[in-house]
Amino acid sequence: MQANHFRSANCLLTLMVLAVIALLPGATLAQEQSDVSRGKAMYTKYCSDCHGVSGKGDGPFAPQLTKKPADLTQLAKKNNGTFPSEQVARFIDGREAVAAHGPREMPIWGERFLEPERSVHKRVQWFVYYLETIQEK
């Protein structure tokens, strides 16, 4: 009798663990979609005036700049087909200089997206996730 109870408890525990594992990918996908949506909203607010709504470097302020903004849809293509996530994060948050941006005036938003205890704030990752979705093949 006790052996059956023990087997039933193990079976129930196994089923619960499998259920949790089965739900994780869906939760992760939903979170990723939410992060991409946040990244798109932030991109629209902070970047599209120069880089354009589509990311091609054709924003309304682009003609006024001394150097044309980068076509952000070509980042993976220029990196042998691999999207350079970490490098993009460093450009956004200001850890890496971009020659076209001159003496670090751009990105002017970098400090807003950093938090003291981490090198890259979650919001920078939202930008990165979004930019990865607009890459042309």
# chains A, B, ... in the order shown; residues from 1 in each chain; ligands from 1
$ residues_around --residues "range 42-52 of chain A" --least-positions-apart "5" --cutoff "6 Å" --atoms "only C-alpha atoms" --output "mmCIF file with all heavy atoms, in the first residue's frame"
data_model
loop_
_atom_site.group_PDB
_atom_site.id
_atom_site.type_symbol
_atom_site.label_atom_id
_atom_site.label_comp_id
_atom_site.auth_asym_id
_atom_site.auth_seq_id
_atom_site.Cartn_x
_atom_site.Cartn_y
_atom_site.Cartn_z
ATOM 1 N N GLY A 57 18.253 54.771 -41.739
ATOM 2 C CA GLY A 57 19.084 55.966 -41.701
ATOM 3 C C GLY A 57 18.459 57.159 -42.389
ATOM 4 O O GLY A 57 19.152 58.117 -42.740
ATOM 5 N N ASP A 58 17.149 57.120 -42.588
ATOM 6 C CA ASP A 58 16.463 58.158 -43.356
ATOM 7 C C ASP A 58 15.439 58.937 -42.535
ATOM 8 O O ASP A 58 14.400 59.341 -43.042
ATOM 9 C CB ASP A 58 15.781 57.529 -44.567
ATOM 10 C CG ASP A 58 14.788 56.432 -44.179
ATOM 11 O OD1 ASP A 58 14.695 56.091 -42.980
ATOM 12 O OD2 ASP A 58 14.114 55.912 -45.078
ATOM 13 N N GLY A 59 15.758 59.168 -41.267
ATOM 14 C CA GLY A 59 14.846 59.915 -40.416
ATOM 15 C C GLY A 59 14.764 61.373 -40.819
ATOM 16 O O GLY A 59 15.596 61.873 -41.587
ATOM 17 N N PRO A 60 13.783 62.101 -40.308
ATOM 18 C CA PRO A 60 13.598 63.502 -40.696
ATOM 19 C C PRO A 60 14.782 64.405 -40.339
ATOM 20 O O PRO A 60 14.993 65.417 -40.988
ATOM 21 C CB PRO A 60 12.330 63.922 -39.939
ATOM 22 C CG PRO A 60 12.083 62.879 -38.926
ATOM 23 C CD PRO A 60 12.757 61.637 -39.382
ATOM 24 N N PHE A 61 15.576 64.058 -39.337
ATOM 25 C CA PHE A 61 16.746 64.866 -38.980
ATOM 26 C C PHE A 61 17.995 64.462 -39.751
ATOM 27 O O PHE A 61 19.001 65.174 -39.732
ATOM 28 C CB PHE A 61 17.056 64.766 -37.486
ATOM 29 C CG PHE A 61 16.055 65.451 -36.598
ATOM 30 C CD1 PHE A 61 16.128 65.294 -35.226
ATOM 31 C CD2 PHE A 61 15.038 66.248 -37.098
ATOM 32 C CE1 PHE A 61 15.209 65.914 -34.381
ATOM 33 C CE2 PHE A 61 14.115 66.872 -36.273
ATOM 34 C CZ PHE A 61 14.209 66.700 -34.909
ATOM 35 N N ALA A 62 17.975 63.338 -40.440
ATOM 36 C CA ALA A 62 19.146 62.814 -41.141
ATOM 37 C C ALA A 62 19.786 63.826 -42.100
ATOM 38 O O ALA A 62 21.006 63.960 -42.104
ATOM 39 C CB ALA A 62 18.801 61.518 -41.869
ATOM 40 N N PRO A 69 23.118 58.851 -40.829
ATOM 41 C CA PRO A 69 22.974 57.808 -39.809
ATOM 42 C C PRO A 69 23.053 56.410 -40.431
ATOM 43 O O PRO A 69 22.687 56.210 -41.588
ATOM 44 C CB PRO A 69 21.574 58.045 -39.229
ATOM 45 C CG PRO A 69 21.272 59.461 -39.549
ATOM 46 C CD PRO A 69 21.963 59.737 -40.859
#
$ residues_around --residues "range 121-131 of chain A" --least-positions-apart "6" --cutoff "12 Å" --atoms "only C-alpha atoms" --output "ChimeraX atom specification"
/A:31-48,51,53-56,71-76,83-95,107,109-115
$ atom_distance --atom1 "CA of Lys137 in chain A" --atom2 "CA of Lys77 in chain A"
6.7 Å
